[in-house]
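The file data_5.txt contains compact mmCIF, C-alpha atoms:
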# COMPACT_ATOMS: atom_id res chain seq x y z
CA MET A 903 -112.78 223.78 212.85
CA SER A 904 -112.04 221.74 215.94
CA ASN A 905 -114.52 219.38 217.54
CA ALA A 906 -112.55 219.27 220.79
CA LYS A 907 -114.64 219.43 223.93
CA THR A 908 -114.14 222.73 225.70
CA ILE A 909 -114.91 224.01 229.15
CA GLU A 910 -115.39 227.36 230.84
CA ILE A 911 -113.80 228.49 234.08
CA ARG A 912 -115.31 231.24 236.19
CA VAL A 913 -113.50 232.94 239.07
CA GLU A 914 -114.88 235.85 241.09
CA ARG A 915 -113.38 238.13 243.72
CA THR A 916 -114.59 241.19 245.63
CA ILE A 917 -111.84 243.80 245.50
CA PRO A 918 -111.80 246.73 247.96
CA ALA A 919 -111.39 249.48 245.35
CA SER A 920 -113.39 251.27 242.66
CA PRO A 921 -114.01 249.60 239.28
CA SER A 922 -111.69 252.09 237.56
CA ASP A 923 -108.85 251.36 240.03
CA VAL A 924 -109.36 247.60 239.67
CA PHE A 925 -109.53 247.91 235.88
CA ASP A 926 -106.32 249.98 235.78
CA GLY A 927 -104.66 247.61 238.24
CA TRP A 928 -105.49 244.59 236.11
CA LEU A 929 -103.83 246.09 233.05
CA ASN A 930 -100.77 247.31 234.96
CA PRO A 931 -97.89 244.81 234.68
CA LYS A 932 -96.60 246.07 238.03
CA THR A 933 -99.71 244.93 239.91
CA PRO A 934 -99.11 241.60 241.67
CA GLY A 935 -101.46 238.82 240.64
CA THR A 936 -101.98 239.87 237.04
CA PRO A 937 -100.74 237.48 234.36
CA TRP A 938 -98.54 240.29 233.03
CA SER A 939 -96.78 240.68 236.37
CA MET A 940 -95.43 237.13 236.09
CA ALA A 941 -93.87 237.62 232.67
CA GLU A 942 -90.19 237.26 232.02
CA LYS A 943 -90.79 238.85 228.63
CA LEU A 944 -93.85 241.02 228.02
CA ILE A 945 -95.43 242.89 225.17
CA LEU A 946 -98.81 244.37 226.12
CA ASN A 947 -101.00 246.67 224.06
CA PRO A 948 -104.43 246.66 225.74
CA VAL A 949 -106.53 248.36 223.06
CA VAL A 950 -109.06 246.77 220.72
CA ASP A 951 -107.07 244.66 218.24
CA GLY A 952 -103.93 245.24 220.31
CA LEU A 953 -101.83 242.16 221.00
CA PHE A 954 -100.08 240.71 224.01
CA TYR A 955 -97.24 238.29 224.37
CA TRP A 956 -95.89 237.05 227.65
CA ALA A 957 -93.55 234.27 228.48
CA ILE A 958 -92.75 232.52 231.72
CA SER A 959 -90.31 229.64 232.14
CA GLY A 960 -90.02 229.43 228.38
CA THR A 961 -93.78 229.07 227.86
CA ALA A 962 -95.28 231.68 225.54
CA HIS A 963 -98.80 233.08 225.74
CA TYR A 964 -100.39 235.16 223.01
CA GLY A 965 -103.63 237.00 222.57
CA ARG A 966 -105.58 239.78 220.92
CA PHE A 967 -107.77 242.26 222.79
CA SER A 968 -111.29 242.31 221.38
CA HIS A 969 -112.99 244.54 223.96
CA VAL A 970 -111.49 247.16 226.27
CA GLU A 971 -113.98 249.33 228.11
CA ARG A 972 -112.54 251.12 231.13
CA SER A 973 -114.14 250.19 234.46
CA GLU A 974 -116.49 247.76 232.70
CA ARG A 975 -115.00 244.93 230.67
CA ILE A 976 -111.85 243.51 229.13
CA GLN A 977 -111.91 240.65 226.66
CA HIS A 978 -109.04 239.03 224.84
CA THR A 979 -108.10 235.78 223.24
CA TRP A 980 -105.57 233.51 224.93
CA MET A 981 -103.36 230.92 223.35
CA SER A 982 -100.66 228.85 224.99
CA PRO A 983 -99.41 225.25 224.82
CA ASN A 984 -102.15 224.48 227.38
CA THR A 985 -104.90 225.49 224.97
CA SER A 986 -103.76 222.79 222.50
CA GLY A 987 -103.85 225.15 219.55
CA LEU A 988 -107.32 226.46 220.41
CA GLU A 989 -107.96 230.18 220.73
CA SER A 990 -109.58 230.47 224.14
CA THR A 991 -111.22 233.65 225.43
CA VAL A 992 -110.70 235.55 228.69
CA THR A 993 -113.40 238.01 229.75
CA VAL A 994 -112.99 240.16 232.85
CA THR A 995 -115.88 242.29 234.09
CA PHE A 996 -115.98 244.87 236.88
CA LYS A 997 -119.19 245.62 238.78
CA LYS A 998 -119.46 248.25 241.50
CA LYS A 999 -120.77 246.90 244.80
CA GLY A 1000 -120.83 249.58 247.48
CA LYS A 1001 -117.24 250.70 247.96
CA ASP A 1002 -115.95 247.50 246.38
CA THR A 1003 -115.78 245.97 242.95
CA VAL A 1004 -116.92 242.48 242.04
CA MET A 1005 -114.41 241.26 239.51
CA THR A 1006 -115.42 238.22 237.46
CA LEU A 1007 -113.01 236.40 235.19
CA VAL A 1008 -114.37 233.86 232.72
CA HIS A 1009 -111.94 231.77 230.70
CA SER A 1010 -113.91 229.94 228.01
CA GLY A 1011 -113.08 227.68 225.12
CA LEU A 1012 -110.47 225.74 227.07
CA PRO A 1013 -109.80 222.20 225.87
CA ASP A 1014 -111.00 219.66 228.40
CA THR A 1015 -108.05 217.34 228.16
CA ASP A 1016 -106.07 215.39 230.73
CA GLY A 1017 -103.14 217.64 229.94
CA GLY A 1018 -105.13 220.64 231.04
CA ARG A 1019 -105.96 219.13 234.38
CA SER A 1020 -103.82 219.35 237.41
CA HIS A 1021 -102.30 216.25 238.87
CA GLU A 1022 -99.55 215.64 241.36
CA LYS A 1023 -98.35 219.20 241.69
CA GLY A 1024 -101.68 220.26 243.13
CA TRP A 1025 -101.03 218.50 246.41
CA ASN A 1026 -99.37 220.91 248.78
CA TYR A 1027 -101.11 223.80 247.10
CA PHE A 1028 -104.45 222.24 247.98
CA LEU A 1029 -103.65 221.70 251.61
CA ASP A 1030 -102.17 225.19 251.81
CA GLY A 1031 -105.35 227.00 250.95
CA PHE A 1032 -106.68 226.45 247.48
CA LEU A 1033 -108.97 223.79 248.81
CA SER A 1034 -110.90 226.41 250.71
CA GLN A 1035 -111.25 228.54 247.57
CA LEU A 1036 -112.40 225.55 245.61
CA THR A 1037 -115.02 224.54 248.10
CA LYS A 1038 -116.17 228.11 248.52
CA SER A 1039 -116.87 228.31 244.80
CA ALA A 1040 -118.28 224.79 244.71
CA ALA A 1041 -120.77 225.71 247.42
CA THR A 1042 -122.23 228.63 245.46
CA MET B 339 -118.27 210.43 240.74
CA GLU B 340 -120.10 209.48 243.93
CA GLN B 341 -116.88 209.51 245.93
CA LEU B 342 -115.98 212.89 244.43
CA THR B 343 -119.30 214.23 245.73
CA ASP B 344 -118.57 212.79 249.18
CA VAL B 345 -115.07 214.28 249.16
CA LEU B 346 -116.32 217.72 248.07
CA SER B 347 -118.95 217.57 250.78
CA ALA B 348 -116.39 216.46 253.35
CA ILE B 349 -114.01 219.31 252.57
CA SER B 350 -116.72 221.96 252.36
CA HIS B 351 -116.59 222.71 256.10
CA PRO B 352 -113.73 224.73 257.65
CA THR B 353 -113.51 222.46 260.69
CA ARG B 354 -113.11 219.39 258.52
CA ARG B 355 -110.46 221.16 256.43
CA ALA B 356 -108.65 222.02 259.66
CA ILE B 357 -108.84 218.37 260.70
CA ILE B 358 -107.36 217.37 257.32
CA ARG B 359 -104.54 219.87 257.80
CA ARG B 360 -103.89 218.48 261.28
CA LEU B 361 -103.86 214.89 260.06
CA ALA B 362 -101.58 215.81 257.15
CA LYS B 363 -98.88 216.19 259.82
CA GLY B 364 -99.45 212.64 261.04
CA PRO B 365 -101.90 210.33 262.82
CA ALA B 366 -103.57 211.62 265.97
CA ARG B 367 -105.87 210.46 268.75
CA PHE B 368 -109.48 211.67 268.84
CA LEU B 369 -108.96 214.04 271.77
CA ASP B 370 -105.86 215.51 270.16
CA ILE B 371 -107.86 216.22 267.02
CA ALA B 372 -110.74 217.73 268.98
CA GLU B 373 -108.59 219.84 271.30
CA PRO B 374 -108.11 222.97 269.09
CA PHE B 375 -111.82 223.28 268.30
CA ASP B 376 -114.28 225.14 270.44
CA VAL B 377 -117.10 222.71 269.68
CA ALA B 378 -118.71 219.76 271.44
CA LEU B 379 -116.98 216.40 271.09
CA ASN B 380 -120.15 215.11 269.46
CA ALA B 381 -119.71 217.64 266.69
CA VAL B 382 -116.13 216.51 266.11
CA THR B 383 -117.36 212.92 265.96
CA LYS B 384 -119.85 213.90 263.25
CA HIS B 385 -117.13 215.66 261.27
CA LEU B 386 -114.93 212.58 261.50
CA LYS B 387 -117.80 210.38 260.34
CA LEU B 388 -118.21 212.50 257.22
CA LEU B 389 -114.47 212.38 256.55
CA ALA B 390 -114.55 208.60 257.01
CA ARG B 391 -117.52 208.24 254.65
CA ALA B 392 -115.54 210.11 252.00
CA GLY B 393 -112.65 207.73 252.57
CA LEU B 394 -110.37 210.52 253.75
CA ILE B 395 -109.48 209.07 257.16
CA ALA B 396 -108.79 205.66 258.64
CA ARG B 397 -108.75 204.41 262.25
CA GLU B 398 -106.04 202.16 263.57
CA LYS B 399 -105.93 200.53 266.99
CA ARG B 400 -102.52 200.64 268.68
CA GLY B 401 -102.73 198.88 272.01
CA ARG B 402 -105.45 200.62 273.96
CA GLU B 403 -105.47 203.70 271.82
CA VAL B 404 -107.11 204.45 268.49
CA PHE B 405 -105.20 206.64 266.08
CA ILE B 406 -106.84 208.45 263.20
CA SER B 407 -104.82 209.01 260.06
CA LEU B 408 -105.33 210.83 256.79
CA ARG B 409 -105.95 208.88 253.60
CA PRO B 410 -105.21 211.60 251.08
CA GLU B 411 -105.88 209.47 248.01
CA GLY B 412 -109.45 210.76 247.93
CA LEU B 413 -108.22 214.31 247.57
CA ARG B 414 -106.62 213.30 244.28
CA LEU B 415 -110.13 213.08 242.87
CA VAL B 416 -110.54 216.76 243.57
CA ALA B 417 -107.09 217.57 242.22
CA ASP B 418 -107.83 215.71 239.01
CA TRP B 419 -111.20 217.35 238.72
CA VAL B 420 -109.80 220.84 238.79
CA HIS B 421 -108.50 222.32 235.58
CA GLU B 422 -105.00 223.74 235.47
CA TYR B 423 -106.35 227.15 234.52
CA GLU B 424 -108.79 227.15 237.44
CA ARG B 425 -105.81 226.81 239.77
CA PHE B 426 -103.92 229.45 237.82
CA TRP B 427 -106.67 232.08 237.88
CA ASN B 428 -107.64 231.41 241.49
CA ALA B 429 -104.03 231.85 242.58
CA SER B 430 -103.63 234.98 240.43
CA LEU B 431 -106.78 236.62 241.72
CA ASP B 432 -105.92 235.74 245.32
CA VAL B 433 -102.68 237.70 244.92
CA PHE B 434 -104.44 240.52 243.06
CA GLU B 435 -107.13 240.83 245.74
CA GLY B 436 -104.48 240.62 248.47
CA HIS B 437 -102.61 243.50 246.86
CA PHE B 438 -105.66 245.78 247.03
CA ARG B 439 -106.51 244.70 250.58
CA GLN B 440 -102.94 245.51 251.62
CA GLN B 441 -103.26 248.95 250.01
CA THR B 442 -106.52 249.55 251.87
CA ARG B 443 -104.93 248.58 255.18
CA SER B 444 -101.94 250.85 254.50
CA LYS B 445 -104.24 253.81 253.80
CA LYS B 446 -106.12 253.25 257.06
CA SER B 447 -103.00 253.01 259.24

Mind turning the file's structure into structure tokens?
Amino acid sequence: MSNAKTIEIRVERTIPASPSDVFDGWLNPKTPGTPWSMAEKLILNPVVDGLFYWAISGTAHYGRFSHVERSERIQHTWMSPNTSGLESTVTVTFKKKGKDTVMTLVHSGLPDTDGGRSHEKGWNYFLDGFLSQLTKSAAT
Amino acid sequence: MEQLTDVLSAISHPTRRAIIRRLAKGPARFLDIAEPFDVALNAVTKHLKLLARAGLIAREKRGREVFISLRPEGLRLVADWVHEYERFWNASLDVFEGHFRQQTRSKKS
């Protein structure tokens, strides 16, 4: 049992497609922007108790799907060197909003360590656009 | 923490972010900074005051002219405050959303 302090990250986007299309897109390794699409090596079995493994630049990520409900919710664990041995949890929900889908991703149980925080490499990225995303979410 | 609040407040407005982007290229005179914006000079002055209060800009007199330059150190507070995974998921979902928006545009055209 770890006493490490953990944090939760919440990111939300409105996607111009139906919940089922967004759900299917999120689990499709060919869809740009999904974690799976970045993998150099991928094993993905998105069913309850199915496992995933993906690696990028020699960094491995593992997890186990605990909830897969089409058009509604996906939940899986997430472990990587950045979780410091902790099993964090990623939950993605899909809510219909008119013709669009509000997609909410919550990554909880993340260790709140210096190693998990961004430092120098955030610079250009910030000035190139992330800053606006950050402040948009900070304002809500 | 107080400066972080000032910095977050300073960068919460699109005009001030545009000013930061402009000053990231190098120091500029007030009128050069104000020129791209379709707002009163008074409004630009107020934006610059907020940026100065957050410690994000500095003024330097060169002869008769005053140049305003970026002091990006304050932005480090924000960079340090943000978790690596927050950057990761924001970037991922930006691309994911962009993919669907591109598909929607393609269907319409």

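Between CA of Glu910 in chain A and CA of Ile349 in chain B lies a distance of 23.2 Å.
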
Proximity check chain B to chain A, 8 Å, nearest pairs one decimal Å, all atoms listed in the file, as a tab-separated table:
residue	atom	partner	partner_atom	distance
B:Leu346	CA	A:Thr1037	CA	6.9
B:Ile349	CA	A:Thr1037	CA	7.0
B:Ser350	CA	A:Thr1037	CA	5.3
B:Pro352	CA	A:Ser1034	CA	7.7
B:Arg355	CA	A:Ser1034	CA	7.8
B:Arg359	CA	A:Leu1029	CA	6.5
B:Arg414	CA	A:His1021	CA	7.5
B:Ala417	CA	A:His1021	CA	6.0
B:Asp418	CA	A:His1021	CA	5.6
B:Trp419	CA	A:Arg1019	CA	7.0
B:Val420	CA	A:Arg1019	CA	6.1
B:His421	CA	A:Arg1019	CA	4.3
B:Glu422	CA	A:Arg1019	CA	4.8
B:Tyr423	CA	A:Gly1018	CA	7.5
B:Glu424	CA	A:Ile911	CA	6.2
B:Arg425	CA	A:Phe1032	CA	7.8
B:Trp427	CA	A:Val913	CA	7.0
B:Asn428	CA	A:Val913	CA	6.5
B:Ala429	CA	A:Gly935	CA	7.7
B:Ser430	CA	A:Gly935	CA	4.4
B:Leu431	CA	A:Gly935	CA	5.9
B:Asp432	CA	A:Gly935	CA	7.2
B:Val433	CA	A:Gly935	CA	4.6
B:Phe434	CA	A:Gly935	CA	4.2
B:Glu435	CA	A:Ile917	CA	5.6
B:His437	CA	A:Pro934	CA	6.5
B:Phe438	CA	A:Pro918	CA	6.3
B:Arg439	CA	A:Pro918	CA	6.2
B:Thr442	CA	A:Pro918	CA	7.1

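In this structure, CA of Glu373 in chain B sits 24.4 Å away from CA of Leu413 in chain B.
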
What does the structure give for the distance between CA of Gln440 in chain B and CA of Ser959 in chain A, in Å to one decimal? 28.1 Å

Using all atoms listed in the file, find the one residue out of A:Glu989, A:Glu942, A:Glu974, A:Asp951 that sits nearest to Ser1010 in chain A.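 Ranking A:Glu989, A:Glu942, A:Glu974, A:Asp951 by distance to Ser1010 in chain A, first place goes to A:Glu989.
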
Which residues come within 6 Å of range 405-407 of chain B, counting all atoms listed in the file, excluding same-chain residues fewer than 3 positions away, as a compact mmCIF listing (two decimals) with C-alpha atoms, in the frame of the given file?
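Heads up, here's the output in result-v1.txt:
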# COMPACT_ATOMS: atom_id res chain seq x y z
CA LEU B 361 -103.86 214.89 260.06
CA PRO B 365 -101.90 210.33 262.82
CA ALA B 366 -103.57 211.62 265.97
CA ARG B 367 -105.87 210.46 268.75
CA ILE B 395 -109.48 209.07 257.16
CA ALA B 396 -108.79 205.66 258.64
CA ARG B 397 -108.75 204.41 262.25
CA GLU B 398 -106.04 202.16 263.57

Give me the residues within 10 Å of range 380-391 of chain B as a PDB file with C-alpha atoms, in the coordinates of the input, counting only C-alpha atoms and dropping any in the same chain fewer than 4 places off.
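Dumped everything to selection35.pdb:
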ATOM      1  CA  GLN B 341    -116.880 209.510 245.930  1.00  0.00           C
ATOM      2  CA  ASP B 344    -118.570 212.790 249.180  1.00  0.00           C
ATOM      3  CA  VAL B 345    -115.070 214.280 249.160  1.00  0.00           C
ATOM      4  CA  SER B 347    -118.950 217.570 250.780  1.00  0.00           C
ATOM      5  CA  ALA B 348    -116.390 216.460 253.350  1.00  0.00           C
ATOM      6  CA  ILE B 349    -114.010 219.310 252.570  1.00  0.00           C
ATOM      7  CA  HIS B 351    -116.590 222.710 256.100  1.00  0.00           C
ATOM      8  CA  THR B 353    -113.510 222.460 260.690  1.00  0.00           C
ATOM      9  CA  ARG B 354    -113.110 219.390 258.520  1.00  0.00           C
ATOM     10  CA  ARG B 355    -110.460 221.160 256.430  1.00  0.00           C
ATOM     11  CA  ILE B 357    -108.840 218.370 260.700  1.00  0.00           C
ATOM     12  CA  ILE B 358    -107.360 217.370 257.320  1.00  0.00           C
ATOM     13  CA  PHE B 368    -109.480 211.670 268.840  1.00  0.00           C
ATOM     14  CA  LEU B 369    -108.960 214.040 271.770  1.00  0.00           C
ATOM     15  CA  ILE B 371    -107.860 216.220 267.020  1.00  0.00           C
ATOM     16  CA  ALA B 372    -110.740 217.730 268.980  1.00  0.00           C
ATOM     17  CA  GLU B 373    -108.590 219.840 271.300  1.00  0.00           C
ATOM     18  CA  PHE B 375    -111.820 223.280 268.300  1.00  0.00           C
ATOM     19  CA  ASP B 376    -114.280 225.140 270.440  1.00  0.00           C
ATOM     20  CA  ILE B 395    -109.480 209.070 257.160  1.00  0.00           C
ATOM     21  CA  ALA B 396    -108.790 205.660 258.640  1.00  0.00           C
ATOM     22  CA  ARG B 397    -108.750 204.410 262.250  1.00  0.00           C
ATOM     23  CA  ILE B 406    -106.840 208.450 263.200  1.00  0.00           C
ATOM     24  CA  LEU B 408    -105.330 210.830 256.790  1.00  0.00           C
ATOM     25  CA  ARG B 409    -105.950 208.880 253.600  1.00  0.00           C
TER      26      ARG B 409
END
